file start03.cif (mmCIF, C-alpha atoms)
data_data
#
loop_
_atom_site.label_atom_id
_atom_site.label_comp_id
_atom_site.auth_asym_id
_atom_site.auth_seq_id
_atom_site.Cartn_x
_atom_site.Cartn_y
_atom_site.Cartn_z
CA MET A 1 10.47 91.41 94.37
CA GLN A 2 11.26 95.13 94.73
CA ILE A 3 14.54 94.46 96.52
CA LYS A 4 15.56 92.15 93.71
CA LEU A 5 14.80 94.89 91.19
CA GLY A 6 17.44 97.17 92.70
CA GLU A 7 19.96 94.37 92.92
CA ARG A 8 19.19 93.33 89.37
CA MET A 9 19.61 96.89 88.07
CA ARG A 10 23.06 97.11 89.64
CA GLU A 11 24.00 93.66 88.33
CA LEU A 12 22.97 94.46 84.76
CA ARG A 13 24.58 97.89 84.81
CA ARG A 14 27.92 96.49 85.93
CA LYS A 15 27.67 93.54 83.55
CA TYR A 16 27.43 95.87 80.55
CA GLY A 17 29.87 98.47 81.91
CA ARG A 18 27.30 101.24 82.26
CA THR A 19 27.32 103.95 84.92
CA GLN A 20 24.49 105.33 86.99
CA ASP A 21 24.83 108.53 84.97
CA ASP A 22 24.31 106.52 81.73
CA LEU A 23 21.11 104.97 83.03
CA ALA A 24 19.87 108.26 84.50
CA GLN A 25 20.40 110.06 81.20
CA ALA A 26 18.59 107.32 79.24
CA LEU A 27 15.60 107.48 81.58
CA GLY A 28 15.54 111.25 82.07
CA VAL A 29 16.13 111.10 85.83
CA THR A 30 18.97 112.11 88.15
CA PRO A 31 21.89 109.83 89.02
CA GLN A 32 20.80 110.20 92.66
CA ALA A 33 17.44 108.61 91.79
CA VAL A 34 19.20 105.63 90.21
CA SER A 35 21.37 105.28 93.32
CA ARG A 36 18.31 105.25 95.57
CA TRP A 37 16.65 102.60 93.39
CA GLU A 38 19.69 100.34 93.47
CA ASN A 39 19.96 100.69 97.26
CA GLY A 40 16.30 99.88 97.81
CA ILE A 41 15.48 103.29 99.31
CA CYS A 42 12.75 103.85 96.77
CA TYR A 43 11.67 102.36 93.45
CA PRO A 44 11.18 103.62 89.90
CA ASP A 45 7.77 104.41 88.49
CA MET A 46 6.18 101.54 86.59
CA GLU A 47 6.15 103.66 83.44
CA LEU A 48 9.97 103.61 83.40
CA LEU A 49 10.31 99.82 83.44
CA PRO A 50 9.96 99.26 79.65
CA SER A 51 12.60 101.90 78.94
CA MET A 52 14.87 100.45 81.61
CA ALA A 53 14.50 96.92 80.19
CA ASN A 54 15.22 98.27 76.72
CA PHE A 55 18.34 100.06 78.01
CA PHE A 56 19.75 96.76 79.27
CA GLY A 57 18.47 94.73 76.31
CA VAL A 58 16.39 92.38 78.47
CA SER A 59 12.70 91.62 78.99
CA ILE A 60 10.81 93.05 81.95
CA ASP A 61 10.71 89.54 83.43
CA GLU A 62 14.48 89.34 83.18
CA LEU A 63 14.77 92.81 84.72
CA PHE A 64 13.00 91.52 87.82
CA GLY A 65 15.06 88.33 87.82
CA TYR A 66 12.09 86.15 86.94
CA GLN A 67 13.73 84.74 83.85
CA THR A 68 16.83 83.75 85.79
CA GLU A 69 14.79 81.96 88.44
CA ARG A 70 12.61 80.34 85.80
CA SER A 71 15.59 79.13 83.77
CA GLN A 72 17.25 77.80 86.89
CA LYS A 73 14.18 75.82 87.91
CA ILE A 74 13.71 74.44 84.39
CA GLY A 75 17.35 73.37 84.35
CA GLU A 76 17.02 71.66 87.72
CA LEU A 77 13.86 69.84 86.65
CA ALA A 78 15.44 68.72 83.38
CA ASP A 79 18.48 67.36 85.24
CA ARG A 80 16.24 65.45 87.67
CA ILE A 81 14.19 63.96 84.83
CA ARG A 82 17.29 62.88 82.90
CA ALA A 83 18.86 61.33 85.99
CA MET A 84 15.67 59.40 86.81
CA ASN A 85 15.26 58.32 83.20
CA ALA A 86 18.83 57.03 83.24
CA LYS A 87 18.02 54.76 86.18
CA ASN A 88 15.53 52.94 83.99
CA ASN A 89 18.45 51.30 82.29
CA GLY A 90 16.79 48.57 80.28
CA LYS A 91 14.47 47.72 83.17
CA ASP A 92 11.66 49.50 84.98
CA VAL A 93 13.19 50.98 88.13
CA CYS A 94 11.14 54.17 88.54
CA MET A 95 9.47 54.66 85.16
CA ASP A 96 6.10 55.75 86.57
CA GLU A 97 7.69 58.33 88.88
CA CYS A 98 9.93 59.60 86.10
CA LEU A 99 7.03 59.97 83.68
CA GLN A 100 4.93 61.73 86.32
CA LEU A 101 7.72 64.22 87.03
CA ALA A 102 8.22 64.85 83.30
CA ARG A 103 4.50 65.45 82.75
CA GLU A 104 4.16 67.75 85.77
CA SER A 105 7.22 69.73 84.73
CA ALA A 106 5.99 70.17 81.16
CA ALA A 107 2.59 71.27 82.49
CA GLU A 108 4.17 73.77 84.88
CA PHE A 109 6.13 75.37 82.02
CA PRO A 110 3.90 74.82 78.97
CA GLY A 111 5.66 75.17 75.65
CA ASN A 112 9.16 74.99 77.13
CA GLU A 113 11.23 73.04 74.62
CA THR A 114 13.72 71.65 77.13
CA LEU A 115 11.01 70.02 79.24
CA MET A 116 9.03 68.92 76.18
CA LEU A 117 12.12 67.12 74.93
CA CYS A 118 12.64 65.55 78.36
CA LEU A 119 9.06 64.25 78.33
CA ALA A 120 9.42 62.92 74.80
CA SER A 121 12.66 61.14 75.71
CA VAL A 122 11.10 59.58 78.80
CA LEU A 123 8.20 58.32 76.68
CA TYR A 124 10.70 57.02 74.13
CA ASN A 125 12.49 55.10 76.87
CA ALA A 126 9.23 53.93 78.48
CA GLY A 127 8.22 52.06 75.33
CA TYR A 128 11.44 50.06 75.38
CA VAL A 129 11.42 49.48 79.14
CA ARG A 130 7.76 48.51 79.46
CA TYR A 131 7.21 46.52 76.27
CA GLY A 132 10.50 45.99 74.45
CA GLU A 133 11.50 46.16 70.81
CA TYR A 134 10.26 43.25 68.69
CA HIS A 135 11.65 41.87 65.44
CA CYS A 136 10.43 39.42 62.83
CA THR A 137 11.66 38.08 59.50
CA ASP A 138 10.37 39.21 56.13
CA GLU A 139 9.80 37.02 53.09
CA TYR A 140 13.44 37.42 52.03
CA GLY A 141 14.88 36.45 55.38
CA TYR A 142 15.77 39.96 56.50
CA ASP A 143 15.26 41.18 60.03
CA VAL A 144 12.51 43.81 60.29
CA TYR A 145 10.70 45.57 63.11
CA ALA A 146 7.36 44.21 64.29
CA VAL A 147 5.73 47.49 63.34
CA GLU A 148 2.12 46.49 63.94
CA HIS A 149 2.98 45.51 67.50
CA HIS A 150 4.99 48.68 68.07
CA ARG A 151 2.12 50.84 66.86
CA THR A 152 0.13 49.78 69.92
CA TYR A 153 2.57 51.55 72.27
CA ALA A 154 0.77 54.64 73.56
CA GLU A 155 4.05 56.02 74.86
CA TRP A 156 5.65 55.96 71.41
CA LYS A 157 2.62 57.56 69.78
CA GLU A 158 2.76 60.43 72.25
CA ALA A 159 6.53 60.74 71.90
CA ILE A 160 6.29 60.97 68.11
CA ALA A 161 3.73 63.78 68.38
CA LEU A 162 5.99 65.69 70.79
CA TYR A 163 9.09 65.25 68.62
CA GLU A 164 7.20 66.40 65.54
CA LYS A 165 6.01 69.52 67.36
CA LEU A 166 9.50 70.24 68.66
CA LEU A 167 11.04 70.04 65.20
CA GLU A 168 8.75 72.85 64.09
CA THR A 169 10.59 75.32 66.35
CA LEU A 170 13.86 73.85 67.65
CA PRO A 171 16.92 75.55 66.17
CA ASP A 172 19.89 73.54 65.03
CA GLY A 173 21.85 72.28 68.00
CA PRO A 174 22.12 69.39 70.48
CA MET A 175 18.42 69.41 71.42
CA ARG A 176 17.30 69.25 67.81
CA HIS A 177 19.85 66.54 67.06
CA GLN A 178 18.51 64.42 69.92
CA ALA A 179 14.92 64.92 68.78
CA VAL A 180 15.82 63.98 65.20
CA ARG A 181 17.76 60.89 66.26
CA GLU A 182 15.04 59.53 68.54
CA LEU A 183 12.17 60.43 66.21
CA ILE A 184 13.78 58.67 63.25
CA GLN A 185 14.16 55.53 65.36
CA LEU A 186 10.50 55.63 66.41
CA TYR A 187 9.43 56.17 62.81
CA ALA A 188 11.37 53.02 61.86
CA ASN A 189 9.94 51.06 64.79
CA THR A 190 6.41 51.92 63.73
CA GLY A 191 6.88 51.51 59.98
CA GLU A 192 6.83 55.21 59.03
CA TYR A 193 9.94 54.78 56.91
CA ASP A 194 9.34 57.65 54.48
CA LYS A 195 8.79 60.10 57.33
CA GLY A 196 12.04 59.00 58.93
CA ALA A 197 13.90 59.34 55.65
CA ALA A 198 12.47 62.85 55.15
CA VAL A 199 13.70 63.96 58.57
CA ALA A 200 17.10 62.35 57.98
CA GLY A 201 17.31 64.19 54.67
CA THR A 202 17.34 67.52 56.50
CA CYS A 203 20.59 66.62 58.30
CA PRO A 204 24.11 67.34 56.97
CA GLU A 205 25.86 64.68 54.93
CA LEU A 206 28.92 62.99 56.41
CA ARG A 207 31.52 65.35 54.96
CA ASN A 208 29.67 68.25 56.59
CA CYS A 209 29.41 66.64 60.01
CA GLN A 210 30.42 68.54 63.12
CA GLU A 211 33.52 66.47 63.85
CA LEU A 212 35.12 67.08 60.45
CA LEU A 213 34.15 70.74 60.30
CA LEU A 214 35.57 71.41 63.77
CA ALA A 215 38.88 69.96 62.63
CA SER A 216 38.83 72.26 59.61
CA ALA A 217 38.13 75.28 61.81
CA TYR A 218 41.56 75.23 63.49
CA ASP A 219 45.23 74.79 62.80
CA GLY A 220 48.24 73.82 64.87
CA LYS A 221 47.73 71.90 68.10
CA ARG A 222 43.99 72.45 68.23
CA ARG A 223 43.59 71.04 64.71
CA ALA A 224 45.56 67.94 65.70
CA GLU A 225 43.37 67.48 68.78
CA ARG A 226 40.17 67.91 66.81
CA LEU A 227 41.34 65.49 64.13
CA ALA A 228 42.08 62.88 66.82
CA GLU A 229 38.57 63.36 68.22
CA ALA A 230 37.05 63.07 64.74
CA ILE A 231 38.95 59.87 64.01
CA ASN A 232 37.88 58.47 67.37
CA THR A 233 34.20 59.22 66.73
CA MET A 234 34.18 58.06 63.13
CA LEU A 235 35.97 54.78 63.81
CA SER A 236 33.55 54.08 66.63
CA SER A 237 30.62 54.85 64.35
CA CYS A 238 32.05 52.63 61.61
CA ALA A 239 32.35 49.77 64.09
CA GLU A 240 28.72 50.18 65.07
CA GLN A 241 27.59 50.27 61.46
CA MET A 242 29.54 47.09 60.70
CA ILE A 243 27.57 45.29 63.40
CA GLN A 244 24.33 46.73 62.08
CA SER A 245 25.19 45.62 58.55
CA LEU A 246 25.72 42.12 59.88
CA ILE A 247 22.39 42.13 61.69
CA SER A 248 20.62 43.35 58.57
CA LEU A 249 21.67 40.29 56.56
CA PRO A 250 19.20 37.43 56.07
CA TYR A 251 19.51 34.75 58.75
CA GLY A 252 20.98 32.16 56.43
CA ARG A 253 24.07 34.25 55.67
CA LEU A 254 24.88 35.26 59.24
CA PRO A 255 27.17 32.45 60.45
CA GLU A 256 29.40 32.67 57.37
CA ASN A 257 29.95 36.41 57.68
CA ALA A 258 29.62 37.07 61.36
CA ILE A 259 33.01 36.29 62.89
CA PRO A 260 35.29 38.34 60.59
CA ILE A 261 32.85 41.26 60.57
CA ILE A 262 32.65 41.41 64.37
CA GLN A 263 36.39 40.92 64.79
CA ASN A 264 37.12 43.70 62.30
CA ALA A 265 34.64 45.98 64.07
CA ILE A 266 36.42 45.37 67.37
CA GLY A 267 39.73 45.94 65.63
CA LEU A 268 38.71 49.46 64.66
CA PHE A 269 38.78 50.42 68.34
CA ALA A 270 42.35 49.16 68.55
CA CYS A 271 43.17 51.55 65.69
CA ALA A 272 41.62 54.49 67.53
CA PHE A 273 42.98 53.54 70.97
CA PRO A 274 46.35 51.80 70.51
CA ASP A 275 47.01 52.06 74.27
CA GLY A 276 43.99 49.85 75.00
CA ASP A 277 42.16 52.57 76.91
CA TYR A 278 38.84 52.74 75.10
CA GLY A 279 37.25 55.11 77.59
CA LEU A 280 33.46 55.05 77.54
CA HIS A 281 33.60 52.91 74.40
CA HIS A 282 34.56 49.91 76.56
CA ILE A 283 30.87 49.05 76.83
CA LYS A 284 30.53 48.90 73.05
CA VAL A 285 33.44 46.50 72.81
CA SER A 286 32.00 44.42 75.64
CA CYS A 287 28.74 44.00 73.73
CA MET A 288 30.62 43.08 70.57
CA TYR A 289 32.54 40.35 72.37
CA LEU A 290 29.28 38.93 73.72
CA TYR A 291 27.95 38.75 70.19
CA LEU A 292 31.19 37.32 68.82
CA SER A 293 31.07 34.45 71.32
CA GLU A 294 27.74 33.27 69.92
CA PHE A 295 29.08 32.78 66.42
CA GLN A 296 32.33 31.29 67.61
CA TRP A 297 30.29 28.66 69.42
CA ARG A 298 28.13 28.11 66.33
CA THR A 299 31.23 27.30 64.28
CA GLY A 300 32.52 24.87 66.92
CA ASP A 301 35.28 27.06 68.37
CA ARG A 302 34.23 26.56 72.01
CA ASP A 303 37.48 27.82 73.56
CA ALA A 304 37.38 31.04 71.53
CA ALA A 305 33.76 31.60 72.58
CA PHE A 306 34.64 31.54 76.27
CA ALA A 307 37.74 33.65 75.67
CA SER A 308 35.44 36.26 74.13
CA LEU A 309 33.15 36.10 77.17
CA ASP A 310 36.13 36.85 79.40
CA LYS A 311 37.08 39.81 77.21
CA ALA A 312 33.49 41.07 77.35
CA LEU A 313 33.73 40.99 81.15
CA ASP A 314 37.08 42.81 81.13
CA HIS A 315 35.66 45.66 79.06
CA ALA A 316 32.48 45.85 81.13
CA ARG A 317 34.59 46.19 84.28
CA ALA A 318 36.67 48.92 82.65
CA PHE A 319 33.50 50.77 81.68
CA GLU A 320 32.13 50.50 85.22
CA ARG A 321 35.29 52.02 86.66
CA ILE A 322 35.08 54.98 84.30
CA SER A 323 31.36 55.65 84.79
CA ASP A 324 31.61 55.29 88.57
CA ASP A 325 34.44 57.83 88.70
CA ASN A 326 32.58 60.38 86.57
CA GLU A 327 29.97 62.19 88.68
CA THR A 328 28.44 64.00 85.69
CA PHE A 329 28.47 60.98 83.40
CA HIS A 330 24.81 60.02 83.85
CA THR A 331 23.59 63.41 82.65
CA SER A 332 26.07 63.68 79.79
CA PRO A 333 25.10 63.62 76.09
CA LEU A 334 27.19 60.46 75.61
CA PHE A 335 25.19 58.69 78.29
CA ARG A 336 21.95 59.59 76.56
CA THR A 337 23.38 58.36 73.27
CA LEU A 338 24.44 55.04 74.75
CA ARG A 339 21.45 54.46 77.00
CA VAL A 340 18.90 52.06 75.58
CA ASN A 341 19.63 53.27 72.09
CA PRO A 342 18.38 50.66 69.59
CA GLY A 343 21.41 49.27 67.86
CA GLY A 344 23.39 50.94 70.63
CA TYR A 345 24.39 49.93 74.10
CA THR A 346 22.40 49.86 77.30
CA LEU A 347 24.68 50.76 80.18
CA THR A 348 24.85 47.29 81.63
CA ALA A 349 26.63 46.20 84.79
CA ALA A 350 29.14 43.38 84.49
CA SER A 351 26.90 41.27 86.73
CA THR A 352 24.12 41.31 84.13
CA LEU A 353 26.23 40.15 81.18
CA PRO A 354 24.94 36.55 81.37
CA GLU A 355 21.39 37.84 81.22
CA ASP A 356 22.19 40.21 78.36
CA TRP A 357 24.09 37.65 76.27
CA PRO A 358 24.40 37.72 73.27
CA TRP A 359 23.15 41.32 73.24
CA TRP A 360 21.97 41.34 69.62
CA CYS A 361 19.39 38.62 69.16
CA VAL A 362 19.74 37.83 65.48
CA PRO A 363 19.53 35.00 64.56
CA ASP A 364 17.65 33.01 67.20
CA TYR A 365 20.15 32.33 69.96
CA HIS A 366 18.26 30.20 72.48
CA ALA A 367 19.64 26.86 71.32
CA VAL A 368 23.20 28.19 71.39
CA LYS A 369 22.73 29.65 74.86
CA ALA A 370 21.38 26.34 76.17
CA GLU A 371 24.46 24.54 74.84
CA MET A 372 26.85 27.09 76.33
CA GLN A 373 25.09 26.96 79.69
CA ALA A 374 25.57 23.19 79.74
CA ASP A 375 29.34 23.73 79.54
CA PRO A 376 30.90 23.95 83.07
CA ARG A 377 32.81 27.05 81.97
CA TRP A 378 29.56 29.00 81.74
CA ASP A 379 28.89 28.76 85.47
CA GLU A 380 32.48 29.76 86.19
CA TRP A 381 32.11 32.79 83.93
CA VAL A 382 28.82 33.75 85.59
CA ARG A 383 30.53 33.56 88.98
CA LYS A 384 33.28 35.92 87.78
CA THR A 385 30.72 38.46 86.52
CA ARG A 386 29.27 38.71 90.04
CA GLU A 387 32.49 39.03 91.99
#
call {"tool": "encode", "arguments": {"input": "start03.cif", "output": "structure tokens"}}
result
Amino acid sequence: MQIKLGERMRELRRKYGRTQDDLAQALGVTPQAVSRWENGICYPDMELLPSMANFFGVSIDELFGYQTERSQKIGELADRIRAMNAKNNGKDVCMDECLQLARESAAEFPGNETLMLCLASVLYNAGYVRYGEYHCTDEYGYDVYAVEHHRTYAEWKEAIALYEKLLETLPDGPMRHQAVRELIQLYANTGEYDKGAAVAGTCPELRNCQELLLASAYDGKRRAERLAEAINTMLSSCAEQMIQSLISLPYGRLPENAIPIIQNAIGLFACAFPDGDYGLHHIKVSCMYLYLSEFQWRTGDRDAAFASLDKALDHARAFERISDDNETFHTSPLFRTLRVNPGGYTLTAASTLPEDWPWWCVPDYHAVKAEMQADPRWDEWVRKTRE
């Protein structure tokens, strides 16, 4: 610990461009004393430590290097938790181990917001993985969450309490945005609609969103790049909302409206990516083609339905290639946005597409799936997904 103090003093002094004479004058000692401290020959009196920390603008813990070690360990734990949580990709692979690690980490560093958020997110995921998300139909034919059932999930109750506590202190930024996004979804799942709306009301309106403001912050080449990114994100979001608007319709209206809505949603990606390289959005398009095939079959267009299944496979393969090539992908914010996000896209392998079909389960799809499975082309498609 003492050796690290000398090393830390030298590191901080050089970082801020201060000399040994500067530090000696501030502390009322000789430059030779500072030199001996930094070289580990002897050590400063304890009474000097507060003044030394104040000189460098750090806490005493940081002066000794404790804060650096602590932050490093917290970061490593958070990365491990996120990576383990990502493995529970729609199915329970290591949920118990992940939850245990998240709880132990949060207990080791009580009150740390990063680890609290990790624990809340694991609990959020655990509810979906262990029990699933259930829907029912209201008196008007609209799809609604089975809130009474969801309220029995202990994991979601605990997650909601953690998110609410976090929002009391988290500053604006990526962590707060994640907490807001996941909490609002859990409020909806459990029927706390007004609470969700109140939290959503604290967020910026669309014209003040990050993507548009970043574009306004620059000019020249950087402005053009930011505008391209904003268009990419907003078109993708519009496509998602078009699917959600379709799902929100009463069952009886779905077949009539489904095909053009889904096709137009897919078409938005072609606008954003005219070269056909949709990047990580390939998985979104894959899911949309799965859903499109259901309604094409319902309307009697059997050939189009199987053509859509082939396109879903093509996009799933493209997504796999991208995610496999990106070593940091599974800890990225985009991964956490896509992963098991209700109304979003579980990161599914091409081989599981037949199991995942039709992805969105509104309206009841079992009869359609049975008919499609009776067609010889279904088995051929399944074989291709597993090649």
call {"tool": "resolve_selection", "arguments": {"input": "start03.cif", "expression": "the PyMOL selection byres ((chain A and resi 108-121) around 7)", "output": "VMD selection string"}}
result
chain A and resid 78 81 102 to 107 122 to 125 159 162 to 163 166
call {"tool": "atom_distance", "arguments": {"input": "start03.cif", "atom1": "CA of Asn39 (chain A)", "atom2": "CA of Leu23 (chain A)"}}
result
14.9 Å
call {"tool": "atom_distance", "arguments": {"input": "start03.cif", "atom1": "CA of Tyr153 (chain A)", "atom2": "CA of Thr190 (chain A)"}}
result
9.4 Å
call {"tool": "resolve_selection", "arguments": {"input": "start03.cif", "expression": "the PyMOL selection byres ((chain A and resi 93-97) around 10)", "output": "list in words"}}
result
Ile81, Met84, Asn85, Ala86, Lys87, Asn88, Asn89, Gly90, Lys91, Asp92, Cys98, Leu99, Gln100, Leu101, Ala102, Arg103, Val122, Leu123, Asn125, Ala126, Val129 and Arg130 of chain A
call {"tool": "write_last_selection", "arguments": {"input": "start03.cif", "atoms": "C-alpha atoms", "output": "JSON list (two decimals), keeping the file's coordinate frame"}}
result
[["chain", "number", "residue", "atom", "x", "y", "z"],
["A", 81, "ILE", "CA", 14.19, 63.96, 84.83],
["A", 84, "MET", "CA", 15.67, 59.40, 86.81],
["A", 85, "ASN", "CA", 15.26, 58.32, 83.20],
["A", 86, "ALA", "CA", 18.83, 57.03, 83.24],
["A", 87, "LYS", "CA", 18.02, 54.76, 86.18],
["A", 88, "ASN", "CA", 15.53, 52.94, 83.99],
["A", 89, "ASN", "CA", 18.45, 51.30, 82.29],
["A", 90, "GLY", "CA", 16.79, 48.57, 80.28],
["A", 91, "LYS", "CA", 14.47, 47.72, 83.17],
["A", 92, "ASP", "CA", 11.66, 49.50, 84.98],
["A", 98, "CYS", "CA", 9.93, 59.60, 86.10],
["A", 99, "LEU", "CA", 7.03, 59.97, 83.68],
["A", 100, "GLN", "CA", 4.93, 61.73, 86.32],
["A", 101, "LEU", "CA", 7.72, 64.22, 87.03],
["A", 102, "ALA", "CA", 8.22, 64.85, 83.30],
["A", 103, "ARG", "CA", 4.50, 65.45, 82.75],
["A", 122, "VAL", "CA", 11.10, 59.58, 78.80],
["A", 123, "LEU", "CA", 8.20, 58.32, 76.68],
["A", 125, "ASN", "CA", 12.49, 55.10, 76.87],
["A", 126, "ALA", "CA", 9.23, 53.93, 78.48],
["A", 129, "VAL", "CA", 11.42, 49.48, 79.14],
["A", 130, "ARG", "CA", 7.76, 48.51, 79.46]]
call {"tool": "closest_residue", "arguments": {"input": "start03.cif", "among": "A:Glu76, A:Glu240, A:Glu229, A:Glu192", "to": "Phe273 (chain A)", "atoms": "all atoms listed in the file"}}
result
A:Glu229
call {"tool": "residues_around", "arguments": {"input": "start03.cif", "residues": "region 254-263 of chain A", "least_positions_apart": "5", "cutoff": "12 Å", "atoms": "only C-alpha atoms", "output": "compact mmCIF listing (two decimals) with C-alpha atoms, in the coordinates of the input"}}
result
# COMPACT_ATOMS: atom_id res chain seq x y z
CA GLY A 141 14.88 36.45 55.38
CA TYR A 142 15.77 39.96 56.50
CA ASP A 143 15.26 41.18 60.03
CA CYS A 238 32.05 52.63 61.61
CA ALA A 239 32.35 49.77 64.09
CA GLU A 240 28.72 50.18 65.07
CA GLN A 241 27.59 50.27 61.46
CA MET A 242 29.54 47.09 60.70
CA ILE A 243 27.57 45.29 63.40
CA GLN A 244 24.33 46.73 62.08
CA SER A 245 25.19 45.62 58.55
CA LEU A 246 25.72 42.12 59.88
CA ILE A 247 22.39 42.13 61.69
CA SER A 248 20.62 43.35 58.57
CA LEU A 249 21.67 40.29 56.56
CA LEU A 268 38.71 49.46 64.66
CA PHE A 269 38.78 50.42 68.34
CA ALA A 270 42.35 49.16 68.55
CA LYS A 284 30.53 48.90 73.05
CA VAL A 285 33.44 46.50 72.81
CA SER A 286 32.00 44.42 75.64
CA CYS A 287 28.74 44.00 73.73
CA MET A 288 30.62 43.08 70.57
CA TYR A 289 32.54 40.35 72.37
CA LEU A 290 29.28 38.93 73.72
CA TYR A 291 27.95 38.75 70.19
CA LEU A 292 31.19 37.32 68.82
CA SER A 293 31.07 34.45 71.32
CA GLU A 294 27.74 33.27 69.92
CA PHE A 295 29.08 32.78 66.42
CA GLN A 296 32.33 31.29 67.61
CA TRP A 297 30.29 28.66 69.42
CA ARG A 298 28.13 28.11 66.33
CA THR A 299 31.23 27.30 64.28
CA GLY A 300 32.52 24.87 66.92
CA ASP A 301 35.28 27.06 68.37
CA ALA A 304 37.38 31.04 71.53
CA ALA A 305 33.76 31.60 72.58
CA SER A 308 35.44 36.26 74.13
CA TRP A 360 21.97 41.34 69.62
CA CYS A 361 19.39 38.62 69.16
CA VAL A 362 19.74 37.83 65.48
CA PRO A 363 19.53 35.00 64.56
CA ASP A 364 17.65 33.01 67.20
CA TYR A 365 20.15 32.33 69.96
call {"tool": "resolve_selection", "arguments": {"input": "start03.cif", "expression": "the PyMOL selection byres ((chain A and resi 278) around 12)", "output": "NGL selection string"}}
result
:A and (232-233 or 235-236 or 266-277 or 279-286 or 314-316 or 318-319 or 322)
call {"tool": "atom_distance", "arguments": {"input": "start03.cif", "atom1": "CA of Leu63 (chain A)", "atom2": "CA of Asp22 (chain A)"}}
result
17.0 Å
call {"tool": "axis_aligned_box", "arguments": {"input": "start03.cif", "around": "region 195-207 of chain A", "padding_each_side": "8 Å", "output": "JSON"}}
result
{"center_x": 20.2, "center_y": 63.3, "center_z": 56.8, "size_x": 38.7, "size_y": 24.5, "size_z": 20.3}
call {"tool": "residues_around", "arguments": {"input": "start03.cif", "residues": "Ser35 (chain A)", "least_positions_apart": "3", "cutoff": "12 Å", "atoms": "all atoms listed in the file", "output": "PyMOL selection string"}}
result
chain A and resi 6-7+9-10+13+19-21+23-24+29-32+38-44
call {"tool": "write_last_selection", "arguments": {"input": "start03.cif", "atoms": "C-alpha atoms", "output": "mmCIF file, keeping the file's coordinate frame"}}
result
data_model
loop_
_atom_site.group_PDB
_atom_site.id
_atom_site.type_symbol
_atom_site.label_atom_id
_atom_site.label_comp_id
_atom_site.auth_asym_id
_atom_site.auth_seq_id
_atom_site.Cartn_x
_atom_site.Cartn_y
_atom_site.Cartn_z
ATOM 1 C CA GLY A 6 17.440 97.170 92.700
ATOM 2 C CA GLU A 7 19.960 94.370 92.920
ATOM 3 C CA MET A 9 19.610 96.890 88.070
ATOM 4 C CA ARG A 10 23.060 97.110 89.640
ATOM 5 C CA ARG A 13 24.580 97.890 84.810
ATOM 6 C CA THR A 19 27.320 103.950 84.920
ATOM 7 C CA GLN A 20 24.490 105.330 86.990
ATOM 8 C CA ASP A 21 24.830 108.530 84.970
ATOM 9 C CA LEU A 23 21.110 104.970 83.030
ATOM 10 C CA ALA A 24 19.870 108.260 84.500
ATOM 11 C CA VAL A 29 16.130 111.100 85.830
ATOM 12 C CA THR A 30 18.970 112.110 88.150
ATOM 13 C CA PRO A 31 21.890 109.830 89.020
ATOM 14 C CA GLN A 32 20.800 110.200 92.660
ATOM 15 C CA GLU A 38 19.690 100.340 93.470
ATOM 16 C CA ASN A 39 19.960 100.690 97.260
ATOM 17 C CA GLY A 40 16.300 99.880 97.810
ATOM 18 C CA ILE A 41 15.480 103.290 99.310
ATOM 19 C CA CYS A 42 12.750 103.850 96.770
ATOM 20 C CA TYR A 43 11.670 102.360 93.450
ATOM 21 C CA PRO A 44 11.180 103.620 89.900
#
call {"tool": "residues_around", "arguments": {"input": "start03.cif", "residues": "Asp379 (chain A)", "least_positions_apart": "5", "cutoff": "12 Å", "atoms": "only C-alpha atoms", "output": "tab-separated table (two decimals) with C-alpha atoms, in the coordinates of the input"}}
result
chain	number	residue	atom	x	y	z
A	306	PHE	CA	34.64	31.54	76.27
A	309	LEU	CA	33.15	36.10	77.17
A	354	PRO	CA	24.94	36.55	81.37
A	372	MET	CA	26.85	27.09	76.33
A	373	GLN	CA	25.09	26.96	79.69
A	374	ALA	CA	25.57	23.19	79.74
A	384	LYS	CA	33.28	35.92	87.78
A	385	THR	CA	30.72	38.46	86.52
A	386	ARG	CA	29.27	38.71	90.04
call {"tool": "closest_residue", "arguments": {"input": "start03.cif", "among": "A:Ile74, A:Leu170, A:Val382, A:Ala83", "to": "Ser351 (chain A)", "atoms": "all atoms listed in the file"}}
result
A:Val382
call {"tool": "residues_around", "arguments": {"input": "start03.cif", "residues": "region 202-213 of chain A", "least_positions_apart": "5", "cutoff": "9 Å", "atoms": "all atoms listed in the file", "output": "PyMOL selection string"}}
result
chain A and resi 177+180+197+226-227+229-231+233-234
call {"tool": "closest_residue", "arguments": {"input": "start03.cif", "among": "A:Ala367, A:Pro376, A:Leu313, A:Trp156", "to": "Leu353 (chain A)", "atoms": "all atoms listed in the file"}}
result
A:Leu313
call {"tool": "build_atoms", "arguments": {"input": "start03.cif", "residues": "region 267-271 of chain A", "atoms": "N, CA and C atoms", "output": "mmCIF file, in the coordinates of the input"}}
result
data_model
loop_
_atom_site.group_PDB
_atom_site.id
_atom_site.type_symbol
_atom_site.label_atom_id
_atom_site.label_comp_id
_atom_site.auth_asym_id
_atom_site.auth_seq_id
_atom_site.Cartn_x
_atom_site.Cartn_y
_atom_site.Cartn_z
ATOM 1 N N GLY A 267 38.394 45.488 65.988
ATOM 2 C CA GLY A 267 39.730 45.940 65.630
ATOM 3 C C GLY A 267 39.810 47.425 65.350
ATOM 4 N N LEU A 268 38.696 48.026 64.912
ATOM 5 C CA LEU A 268 38.710 49.460 64.660
ATOM 6 C C LEU A 268 38.989 50.251 65.940
ATOM 7 N N PHE A 269 38.522 49.730 67.073
ATOM 8 C CA PHE A 269 38.780 50.420 68.340
ATOM 9 C C PHE A 269 40.272 50.364 68.676
ATOM 10 N N ALA A 270 40.903 49.255 68.316
ATOM 11 C CA ALA A 270 42.350 49.160 68.550
ATOM 12 C C ALA A 270 43.093 50.192 67.712
ATOM 13 N N CYS A 271 42.555 50.507 66.519
ATOM 14 C CA CYS A 271 43.170 51.550 65.690
ATOM 15 C C CYS A 271 43.038 52.918 66.348
#
